[in-house]
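Q: data34.tsv is reproduced below (TSV, C-alpha atoms and all ligand atoms).
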```
chain	number	residue	atom	x	y	z
A	28	MET	CA	98.84	86.29	103.24
A	29	GLN	CA	101.70	88.74	103.60
A	30	ILE	CA	102.36	92.42	103.29
A	31	GLN	CA	105.71	92.72	101.57
A	32	GLU	CA	106.12	96.44	101.36
A	33	LEU	CA	104.44	99.48	102.85
A	34	LYS	CA	104.64	103.10	101.69
A	35	LEU	CA	103.29	105.91	103.80
A	36	LEU	CA	102.73	109.53	103.00
A	37	ASN	CA	101.79	111.87	105.84
A	38	PHE	CA	100.42	109.15	108.06
A	39	ARG	CA	100.40	110.19	111.75
A	40	ASN	CA	104.02	111.03	112.65
A	41	TYR	CA	105.43	109.63	109.38
A	42	GLU	CA	106.14	112.03	106.57
A	43	LYS	CA	107.31	109.79	103.78
A	44	VAL	CA	108.56	106.26	104.42
A	45	MET	CA	108.89	102.98	102.68
A	46	VAL	CA	109.54	99.74	104.53
A	47	SER	CA	109.65	96.10	103.54
A	48	PHE	CA	108.76	93.16	105.73
A	49	LYS	CA	109.66	89.54	106.26
A	50	ASP	CA	107.10	86.83	105.56
A	51	HIS	CA	107.26	85.56	109.11
A	52	ILE	CA	108.16	87.65	112.15
A	53	ASN	CA	108.76	91.40	112.15
A	54	ILE	CA	109.65	93.16	115.37
A	55	ILE	CA	109.01	96.87	115.50
A	56	TYR	CA	110.85	98.43	118.40
A	57	GLY	CA	111.66	101.84	119.80
A	58	LYS	CA	110.88	104.16	122.68
A	59	ASN	CA	107.43	105.25	123.83
A	60	GLY	CA	105.83	107.68	121.42
A	61	SER	CA	108.22	106.89	118.56
A	62	GLY	CA	105.62	105.56	116.08
A	63	LYS	CA	105.40	101.78	116.61
A	64	THR	CA	101.63	101.64	117.01
A	65	ASN	CA	101.27	104.16	114.18
A	66	LEU	CA	103.10	101.80	111.85
A	67	VAL	CA	100.89	98.79	112.62
A	68	GLU	CA	97.86	101.07	112.56
A	69	ALA	CA	98.79	101.93	108.97
A	70	ILE	CA	98.76	98.23	108.07
A	71	TYR	CA	95.37	97.88	109.73
A	72	VAL	CA	93.97	100.90	107.88
A	73	LEU	CA	95.31	99.50	104.62
A	74	ALA	CA	93.30	96.33	105.28
A	75	LEU	CA	90.10	97.74	106.67
A	76	SER	CA	90.14	101.37	105.49
A	77	ARG	CA	89.65	102.54	109.06
A	78	SER	CA	91.58	102.56	112.30
A	79	PHE	CA	91.13	100.20	115.21
A	80	LYS	CA	91.24	103.27	117.44
A	81	GLN	CA	88.03	105.08	118.19
A	82	THR	CA	89.23	108.20	116.46
A	83	ASN	CA	88.16	110.38	113.65
A	84	ASP	CA	89.84	109.48	110.35
A	85	LYS	CA	91.24	113.01	110.26
A	86	THR	CA	93.67	112.24	113.08
A	87	LEU	CA	95.41	109.76	110.79
A	88	ILE	CA	96.55	112.62	108.57
A	89	ARG	CA	99.86	114.05	109.69
A	90	ASN	CA	99.39	117.38	111.43
A	91	ASP	CA	99.57	120.22	108.90
A	92	ALA	CA	99.18	117.90	105.89
A	93	ASP	CA	95.97	117.69	103.87
A	94	LEU	CA	95.89	114.06	102.95
A	95	THR	CA	97.43	110.72	103.79
A	96	LYS	CA	98.23	107.84	101.49
A	97	ILE	CA	98.90	104.28	102.55
A	98	GLU	CA	100.06	101.85	99.94
A	99	GLY	CA	100.95	98.22	100.40
A	100	ARG	CA	102.04	95.30	98.28
A	101	ILE	CA	100.13	92.25	99.38
A	102	GLN	CA	101.02	88.69	98.51
A	103	ASN	CA	98.16	86.26	98.59
A	104	LYS	CA	97.38	83.90	95.73
A	105	TYR	CA	98.42	86.81	93.56
A	106	GLN	CA	100.34	89.96	94.23
A	107	ASN	CA	98.29	93.13	94.39
A	108	THR	CA	98.81	96.73	95.34
A	109	TYR	CA	96.30	98.17	97.76
A	110	LYS	CA	95.89	101.84	98.44
A	111	VAL	CA	93.92	103.95	100.90
A	112	ILE	CA	93.79	107.72	100.44
A	113	LEU	CA	92.25	109.79	103.19
A	114	THR	CA	91.37	113.46	103.10
A	115	PRO	CA	89.24	115.41	105.59
A	116	GLU	CA	86.43	115.11	103.04
A	117	GLY	CA	86.49	111.34	102.75
A	118	LYS	CA	88.37	108.27	101.60
A	119	LYS	CA	89.21	106.43	98.43
A	120	VAL	CA	90.37	102.86	98.13
A	121	LYS	CA	92.11	101.25	95.20
A	122	ILE	CA	93.34	97.83	94.20
A	123	ASP	CA	96.01	97.84	91.50
A	124	ASN	CA	95.03	101.44	90.77
A	125	ASN	CA	91.39	100.56	90.12
A	126	LYS	CA	89.06	102.56	92.26
A	127	ILE	CA	86.74	100.41	94.37
A	128	THR	CA	83.50	102.28	94.85
A	129	LYS	CA	81.99	100.12	97.56
A	130	ILE	CA	84.08	99.93	100.72
A	131	SER	CA	82.39	96.62	101.56
A	132	ASP	CA	83.99	95.13	98.43
A	133	TYR	CA	87.40	96.22	99.68
A	134	ILE	CA	87.54	95.27	103.30
A	135	SER	CA	87.20	91.53	103.16
A	136	LYS	CA	90.26	91.22	100.90
A	137	ILE	CA	93.18	91.68	103.30
A	138	ASN	CA	92.64	89.58	106.38
A	139	ILE	CA	94.15	90.88	109.52
A	140	VAL	CA	93.90	90.11	113.20
A	141	LEU	CA	95.20	92.71	115.60
A	142	PHE	CA	95.73	92.73	119.32
A	143	ASN	CA	96.16	96.05	121.07
A	144	PRO	CA	95.88	96.69	124.83
A	145	ASN	CA	92.73	98.72	124.16
A	146	ASP	CA	91.03	95.48	123.11
A	147	LEU	CA	90.44	94.76	126.78
A	148	ARG	CA	87.40	96.90	126.17
A	149	MET	CA	85.95	93.80	124.56
A	150	VAL	CA	85.59	92.32	128.01
A	151	LYS	CA	85.10	95.41	130.13
A	152	ASP	CA	83.16	97.88	128.08
A	153	THR	CA	79.57	98.22	126.94
A	154	PRO	CA	77.67	95.82	124.64
A	155	SER	CA	77.96	98.30	121.77
A	156	ILE	CA	81.75	98.02	121.87
A	157	ARG	CA	81.55	94.22	121.87
A	158	ARG	CA	79.13	94.28	118.94
A	159	LYS	CA	81.61	96.42	117.07
A	160	TYR	CA	84.36	93.82	117.54
A	161	LEU	CA	82.00	91.06	116.48
A	162	ASN	CA	80.84	93.02	113.44
A	163	ILE	CA	84.40	93.68	112.28
A	164	ALA	CA	85.34	90.02	112.72
A	165	ILE	CA	82.37	88.70	110.75
A	166	SER	CA	82.62	91.40	108.08
A	167	GLN	CA	86.15	90.27	107.27
A	168	LEU	CA	84.72	86.84	106.50
A	169	ASN	CA	81.47	87.69	104.90
A	170	VAL	CA	80.78	90.68	102.64
A	171	GLU	CA	77.06	89.90	102.78
A	172	TYR	CA	77.10	90.39	106.56
A	173	LEU	CA	78.36	93.95	106.29
A	174	ARG	CA	75.74	94.79	103.66
A	175	GLU	CA	72.99	93.36	105.84
A	176	LEU	CA	74.29	95.20	108.87
A	177	ASN	CA	74.18	98.50	106.99
A	178	GLN	CA	70.68	97.74	105.75
A	179	TYR	CA	69.53	96.81	109.24
A	180	ASN	CA	70.90	100.02	110.72
A	181	LYS	CA	69.16	102.07	108.04
A	182	LEU	CA	65.89	100.27	108.69
A	183	ILE	CA	66.13	100.98	112.41
A	184	LYS	CA	66.62	104.67	111.63
A	185	THR	CA	63.67	104.70	109.25
A	186	ARG	CA	61.51	102.80	111.71
A	187	ASN	CA	62.38	105.11	114.60
A	188	ALA	CA	61.69	108.20	112.52
A	189	TYR	CA	58.35	106.75	111.47
A	190	LEU	CA	57.45	105.86	115.06
A	191	LYS	CA	58.02	109.48	116.03
A	192	ARG	CA	55.83	110.63	113.17
A	193	MET	CA	53.08	108.20	114.11
A	194	TYR	CA	53.20	109.40	117.69
A	195	LEU	CA	52.88	113.03	116.66
A	196	ASN	CA	50.19	112.70	114.00
A	197	GLY	CA	48.11	109.68	114.85
A	198	ASN	CA	46.80	109.23	111.33
A	199	SER	CA	50.04	107.72	109.91
A	200	LEU	CA	49.68	104.30	108.36
A	201	GLU	CA	50.45	101.32	110.52
A	202	THR	CA	50.71	99.16	107.40
A	203	TYR	CA	53.83	101.10	106.35
A	204	LEU	CA	55.38	100.42	109.74
A	205	ASP	CA	54.56	96.72	109.26
A	206	VAL	CA	56.46	96.69	105.98
A	207	ILE	CA	59.55	98.19	107.62
A	208	THR	CA	59.25	95.85	110.60
A	209	GLU	CA	59.04	92.74	108.45
A	210	LYS	CA	62.10	93.73	106.44
A	211	MET	CA	63.94	94.46	109.66
A	212	VAL	CA	63.02	91.06	111.11
A	213	ASP	CA	64.18	89.24	107.95
A	214	ILE	CA	67.57	90.94	107.99
A	215	GLY	CA	67.77	90.76	111.78
A	216	LEU	CA	67.25	87.00	111.67
A	217	SER	CA	70.00	86.62	109.11
A	218	LEU	CA	72.39	88.68	111.26
A	219	TYR	CA	71.37	86.64	114.28
A	220	GLU	CA	72.16	83.36	112.52
A	221	LYS	CA	75.54	84.60	111.33
A	222	ARG	CA	76.46	85.88	114.78
A	223	LYS	CA	75.31	82.68	116.42
A	224	ASN	CA	77.32	80.56	114.01
A	225	TYR	CA	80.37	82.74	114.43
A	226	LEU	CA	80.27	82.54	118.21
A	227	SER	CA	79.71	78.84	118.13
A	228	ALA	CA	82.82	78.47	115.93
A	229	MET	CA	84.59	80.80	118.35
A	230	ASN	CA	83.71	78.55	121.28
A	231	SER	CA	85.16	75.53	119.55
A	232	PHE	CA	88.63	77.15	119.69
A	233	LEU	CA	88.53	79.55	122.62
A	234	LYS	CA	88.90	77.00	125.38
A	235	GLY	CA	91.92	75.34	123.81
A	236	PHE	CA	93.79	78.57	123.21
A	237	TYR	CA	93.08	79.84	126.69
A	238	LYS	CA	94.46	76.61	128.14
A	239	THR	CA	97.64	76.94	126.11
A	240	ILE	CA	98.26	80.48	127.28
A	241	ALA	CA	97.10	80.23	130.90
A	242	THR	CA	96.22	77.18	132.87
A	243	ASP	CA	93.58	78.59	135.12
A	244	GLY	CA	90.33	77.59	133.59
A	245	GLU	CA	87.66	77.08	131.01
A	246	LEU	CA	86.86	80.08	128.87
A	247	GLU	CA	83.67	80.49	126.90
A	248	VAL	CA	81.70	83.23	125.27
A	249	ARG	CA	77.91	83.43	125.49
A	250	TYR	CA	75.71	85.14	122.99
A	251	SER	CA	72.66	86.97	124.21
A	252	SER	CA	70.11	88.27	121.77
A	253	ASP	CA	66.45	89.31	121.78
A	254	TYR	CA	66.06	86.97	118.80
A	255	THR	CA	67.20	83.80	120.59
A	256	ASN	CA	64.99	80.83	119.68
A	257	LYS	CA	62.29	82.92	118.05
A	258	SER	CA	60.63	82.34	114.72
A	259	LYS	CA	59.79	85.13	112.32
A	260	LYS	CA	56.12	84.79	113.26
A	261	GLU	CA	56.86	85.09	116.97
A	262	LEU	CA	59.09	88.08	116.39
A	263	LEU	CA	56.45	89.91	114.37
A	264	GLN	CA	54.00	89.31	117.19
A	265	ILE	CA	56.44	90.75	119.70
A	266	TYR	CA	56.84	93.92	117.63
A	267	LYS	CA	53.04	94.22	117.48
A	268	LYS	CA	52.82	93.82	121.23
A	269	ASN	CA	55.62	96.36	121.79
A	270	LEU	CA	54.12	98.98	119.51
A	271	SER	CA	52.74	101.28	122.19
A	272	LYS	CA	56.05	101.13	124.09
A	273	ASP	CA	58.02	101.84	120.88
A	274	LEU	CA	55.70	104.78	120.14
A	275	THR	CA	56.18	106.24	123.60
A	276	PHE	CA	59.97	106.00	123.40
A	277	GLY	CA	60.12	106.91	119.72
A	278	LYS	CA	62.49	104.03	119.09
A	279	THR	CA	62.69	100.32	118.48
A	280	ASN	CA	63.20	98.64	121.83
A	281	PHE	CA	63.65	95.09	120.65
A	282	GLY	CA	66.09	93.62	118.15
A	283	VAL	CA	69.59	92.48	117.29
A	284	HIS	CA	70.90	96.03	117.74
A	285	HIS	CA	70.96	95.13	121.44
A	286	ASP	CA	72.89	91.88	121.06
A	287	ASP	CA	75.74	91.16	123.44
A	288	LEU	CA	78.44	88.60	123.99
A	289	GLU	CA	80.00	87.93	127.31
A	290	PHE	CA	83.08	86.06	128.44
A	291	TYR	CA	82.87	83.52	131.20
A	292	LEU	CA	85.83	81.92	132.95
A	293	ASN	CA	84.93	78.78	134.87
A	294	GLY	CA	81.32	79.90	134.72
A	295	TYR	CA	81.99	83.34	136.22
A	296	LEU	CA	81.51	86.55	134.29
A	297	LEU	CA	85.03	87.61	133.38
A	298	LYS	CA	84.12	91.28	133.36
A	299	ASP	CA	83.21	91.17	137.06
A	300	TYR	CA	85.43	88.42	138.42
A	301	GLY	CA	88.51	88.22	136.20
A	302	SER	CA	91.93	89.75	136.85
A	303	GLU	CA	93.55	92.07	134.31
A	304	GLY	CA	95.81	89.25	133.19
A	305	GLN	CA	92.93	86.79	132.80
A	306	GLN	CA	90.99	89.33	130.78
A	307	LYS	CA	93.97	89.92	128.56
A	308	ASN	CA	94.51	86.20	128.04
A	309	ALA	CA	90.84	85.85	127.12
A	310	VAL	CA	91.11	88.57	124.48
A	311	ILE	CA	94.27	87.01	123.06
A	312	SER	CA	92.54	83.62	122.95
A	313	TRP	CA	89.71	85.28	121.04
A	314	LYS	CA	92.23	86.70	118.53
A	315	PHE	CA	93.88	83.34	117.88
A	316	SER	CA	90.42	81.80	117.48
A	317	GLU	CA	89.64	84.52	114.94
A	318	ILE	CA	92.69	83.37	112.99
A	319	GLU	CA	91.47	79.76	113.01
A	320	ILE	CA	88.03	80.77	111.79
A	321	ILE	CA	89.50	82.85	108.94
A	322	GLU	CA	91.71	79.92	107.94
A	323	GLN	CA	88.77	77.55	108.04
A	324	GLU	CA	86.35	79.77	106.15
A	325	LYS	CA	88.64	81.46	103.65
A	326	GLY	CA	91.58	79.15	103.39
A	327	VAL	CA	94.07	81.97	104.05
A	328	THR	CA	96.28	82.70	107.00
A	329	PRO	CA	95.68	86.28	108.10
A	330	ILE	CA	98.33	88.79	109.07
A	331	LEU	CA	98.74	88.95	112.84
A	332	ILE	CA	99.62	92.11	114.73
A	333	LEU	CA	100.55	91.99	118.41
A	334	ASP	CA	100.83	95.57	119.57
A	335	ASP	CA	102.33	96.07	122.99
A	336	LEU	CA	101.64	92.60	124.26
A	337	PHE	CA	104.16	92.91	127.03
A	338	SER	CA	102.48	95.23	129.44
A	339	GLU	CA	100.83	93.20	132.21
A	340	LEU	CA	101.75	89.72	130.98
A	341	ASP	CA	104.51	87.65	132.49
A	342	VAL	CA	107.25	86.17	130.32
A	343	GLU	CA	105.84	82.66	130.65
A	344	LYS	CA	102.49	83.71	129.14
A	345	ILE	CA	104.24	85.59	126.33
A	346	ALA	CA	106.32	82.50	125.57
A	347	ASN	CA	103.10	80.46	125.38
A	348	ILE	CA	101.57	83.02	123.04
A	349	PHE	CA	104.63	82.99	120.77
A	350	LYS	CA	104.29	79.22	120.48
A	351	LEU	CA	100.90	79.77	118.89
A	352	ILE	CA	102.38	81.74	115.98
A	353	GLU	CA	102.31	79.39	113.01
A	354	LYS	CA	105.20	79.19	110.58
A	355	ASP	CA	103.29	80.62	107.66
A	356	MET	CA	101.76	83.47	109.63
A	357	GLN	CA	103.17	86.90	109.00
A	358	THR	CA	103.37	88.55	112.40
A	359	PHE	CA	104.16	92.04	113.63
A	360	ILE	CA	105.27	92.50	117.21
A	361	THR	CA	105.78	95.95	118.67
A	362	THR	CA	107.82	96.44	121.80
A	363	THR	CA	109.96	98.83	123.77
A	364	GLU	CA	111.97	95.87	125.05
A	365	ILE	CA	113.67	94.27	122.08
A	366	SER	CA	115.94	92.04	124.15
A	367	LYS	CA	112.97	90.45	125.91
A	368	VAL	CA	111.34	89.56	122.60
A	369	GLU	CA	114.56	88.30	121.07
A	370	SER	CA	115.26	86.04	124.03
A	371	LEU	CA	111.87	84.39	123.49
A	372	LEU	CA	112.31	83.88	119.77
A	373	ASP	CA	115.68	82.10	120.01
A	374	ASN	CA	116.16	80.24	116.77
A	375	GLN	CA	113.53	81.87	114.65
A	376	ASP	CA	114.18	84.00	111.64
A	377	TYR	CA	112.91	87.55	112.13
A	378	LYS	CA	113.36	91.08	110.96
A	379	LYS	CA	113.97	94.03	113.25
A	380	ILE	CA	112.60	97.44	112.44
A	381	TYR	CA	113.73	100.34	114.59
A	382	VAL	CA	111.47	103.35	114.88
A	383	GLU	CA	112.42	106.75	116.23
A	384	ASN	CA	110.42	109.92	115.87
A	385	GLY	CA	108.67	108.87	112.68
A	386	LYS	CA	111.88	107.60	111.09
A	387	ILE	CA	112.34	103.95	110.24
A	388	GLU	CA	115.55	101.98	110.24
A	389	GLU	CA	115.53	98.40	108.95
A	390	VAL	CA	118.08	96.48	110.97
A	401	LIG	N1	98.23	113.13	113.06
A	401	LIG	C1	99.43	113.14	113.63
A	401	LIG	N2	100.42	113.95	113.17
A	401	LIG	C2	101.65	113.96	113.74
A	401	LIG	N3	101.99	113.19	114.80
A	401	LIG	C3	101.05	112.38	115.30
A	401	LIG	C4	99.74	112.30	114.76
A	401	LIG	N4	99.04	111.39	115.46
A	401	LIG	C5	99.87	110.93	116.41
A	401	LIG	N5	101.08	111.52	116.32
A	401	LIG	C6	102.27	111.29	117.18
A	401	LIG	O1	102.63	109.92	117.14
A	401	LIG	C7	103.28	109.59	118.36
A	401	LIG	C8	102.71	108.32	118.95
A	401	LIG	O2	103.08	107.28	118.17
A	401	LIG	P1	102.74	105.78	118.58
A	401	LIG	O3	101.43	105.69	119.25
A	401	LIG	O4	102.94	104.99	117.36
A	401	LIG	O5	103.88	105.52	119.64
A	401	LIG	P2	104.45	104.11	120.13
A	401	LIG	O6	105.81	103.97	119.58
A	401	LIG	O7	103.48	103.05	119.85
A	401	LIG	O8	104.55	104.40	121.69
A	401	LIG	P3	104.24	103.45	122.96
A	401	LIG	O9	105.46	102.64	123.18
A	401	LIG	O10	104.01	104.42	124.05
A	401	LIG	O11	103.02	102.64	122.64
A	401	LIG	C9	103.03	110.71	119.33
A	401	LIG	O12	104.22	111.43	119.49
A	401	LIG	C10	101.98	111.55	118.65
A	401	LIG	O13	102.10	112.90	118.95
A	402	MG	MG	102.20	101.92	121.03
```
Using the file provided, produce a representation of the structure as structure tokens.
Ligand SMILES: Nc1ncnc2c1ncn2[C@@H]1O[C@H](COP(=O)(O)OP(=O)(O)OP(=O)(O)O)[C@@H](O)[C@H]1O
Ligand SMILES: [Mg+2]

A:
Amino acid sequence: MQIQELKLLNFRNYEKVMVSFKDHINIIYGKNGSGKTNLVEAIYVLALSRSFKQTNDKTLIRNDADLTKIEGRIQNKYQNTYKVILTPEGKKVKIDNNKITKISDYISKINIVLFNPNDLRMVKDTPSIRRKYLNIAISQLNVEYLRELNQYNKLIKTRNAYLKRMYLNGNSLETYLDVITEKMVDIGLSLYEKRKNYLSAMNSFLKGFYKTIATDGELEVRYSSDYTNKSKKELLQIYKKNLSKDLTFGKTNFGVHHDDLEFYLNGYLLKDYGSEGQQKNAVISWKFSEIEIIEQEKGVTPILILDDLFSELDVEKIANIFKLIEKDMQTFITTTEISKVESLLDNQDYKKIYVENGKIEEV
């Protein structure tokens, strides 16, 4: 899968630009603050209709403008034009000028895997951040997963609201709560299975990639979930048992909304024991494993974005990472140090794109 051409209108620090890309390697270079990350962010938003940054959609709109448009020509089996239009009021997505009403129908179409230094949060941050990464990865593969996730989240809200009501006026029906709980368990179990399968696929690649990039150990990810090894019947019993606790807290204390995944290097929790470099290598290994899983499940090679890979990694590791880039993988590399990247790419065919102050120059 490749993005051949990108048009931006009022996206971040870009006013109006059009740029075309090579099918293999594209290097986006320029000084700090020039717009390199913004450019790859636009590609990401085109694919997933939202940014990888934890920001409000509004910040994507160029200051003083009232909407932003991102348009891209994507080559997969067929060639299609994708469009994302964002206004402060909301977003619209289109494929070949047909409006797609359900975002979930849009976002599994363009497959993309992005690395950005912020992704270290995957190791270091809270479980909710890790779940977010996992949810995005599985949603790209499986439209059903995203629908179920939305349903599950709605059910939790409904259940929590009902718990509060029950607590306040004791005469509310417990049978209604049972109906919500059973639905939640059914969907929760399905999410659990999909997450478990995904992480098991992840583990079949993770170790190998980590060993190619660094040589210091065995990497694995472990899934922890309240639902581990429990049947529907057992789960329903647990919710029954937890009812008084749930009523006191006014929320559902047990379920897959607490799931977590943790990285271990040589059996030690990477979050607590790993160096910055080891954590970064782990995240990059995860990203390359994501690519393998997409290829396996969907039969397409996703677009790879490596944003600012160079900070904190030595040249040897970067060279190892570059070796993992397959021939048919369209890749975007952003850097402030073009000569460093070029020296590592020796004979390969690549395109250079120079960015300065929201202006693009194709070299
Ligand atoms: N909504 C917006 N409107 C106008 N400019 C914006 C907007 N959002 C961000 N910018 C500007 O974009 C620039 C940052 O661009 P970007 O993050 O792409 O830089 P970069 O080239 O990746 O830099 P670095 O090498 O430091 O990572 C900043 O100057 C910032 O002020
Ligand atoms: Mg940047």

Q: Quick one, how far is CA of Lys367 in chain A from CA of Val342 in chain A?

A: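 So the two atoms, CA of Lys367 in chain A and CA of Val342 in chain A, lie 8.4 Å apart.
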
Q: May I ask you to write as a VMD selection string all residues lying at most 7 Å from ligand MG 402 (chain A), with all atoms listed in the file counted?

A: chain A and resid 59 to 60 63 to 64 334 to 335

Q: Quick one: of A:Asn103, A:Tyr295, A:Asn143, A:Arg148, who's nearest to Asp355 in chain A, counting all atoms listed in the file?

A: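 Using all atoms listed in the file, Asp355 in chain A sits closest to A:Asn103.
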
Q: Rank nothing, just name the residue among A:Tyr377, A:Asn124, A:Asp84, A:Thr361 nearest to Ser61 in chain A, using only C-alpha atoms.

A: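 Among the listed residues, A:Thr361 lies closest to Ser61 in chain A.
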
Q: Which residue out of A:Leu233, A:Val72, A:Leu216, A:Leu182 has the minimum interatomic distance to Ser252 in chain A when only C-alpha atoms are used?

A: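 So, comparing all the options, the nearest one is A:Leu216.
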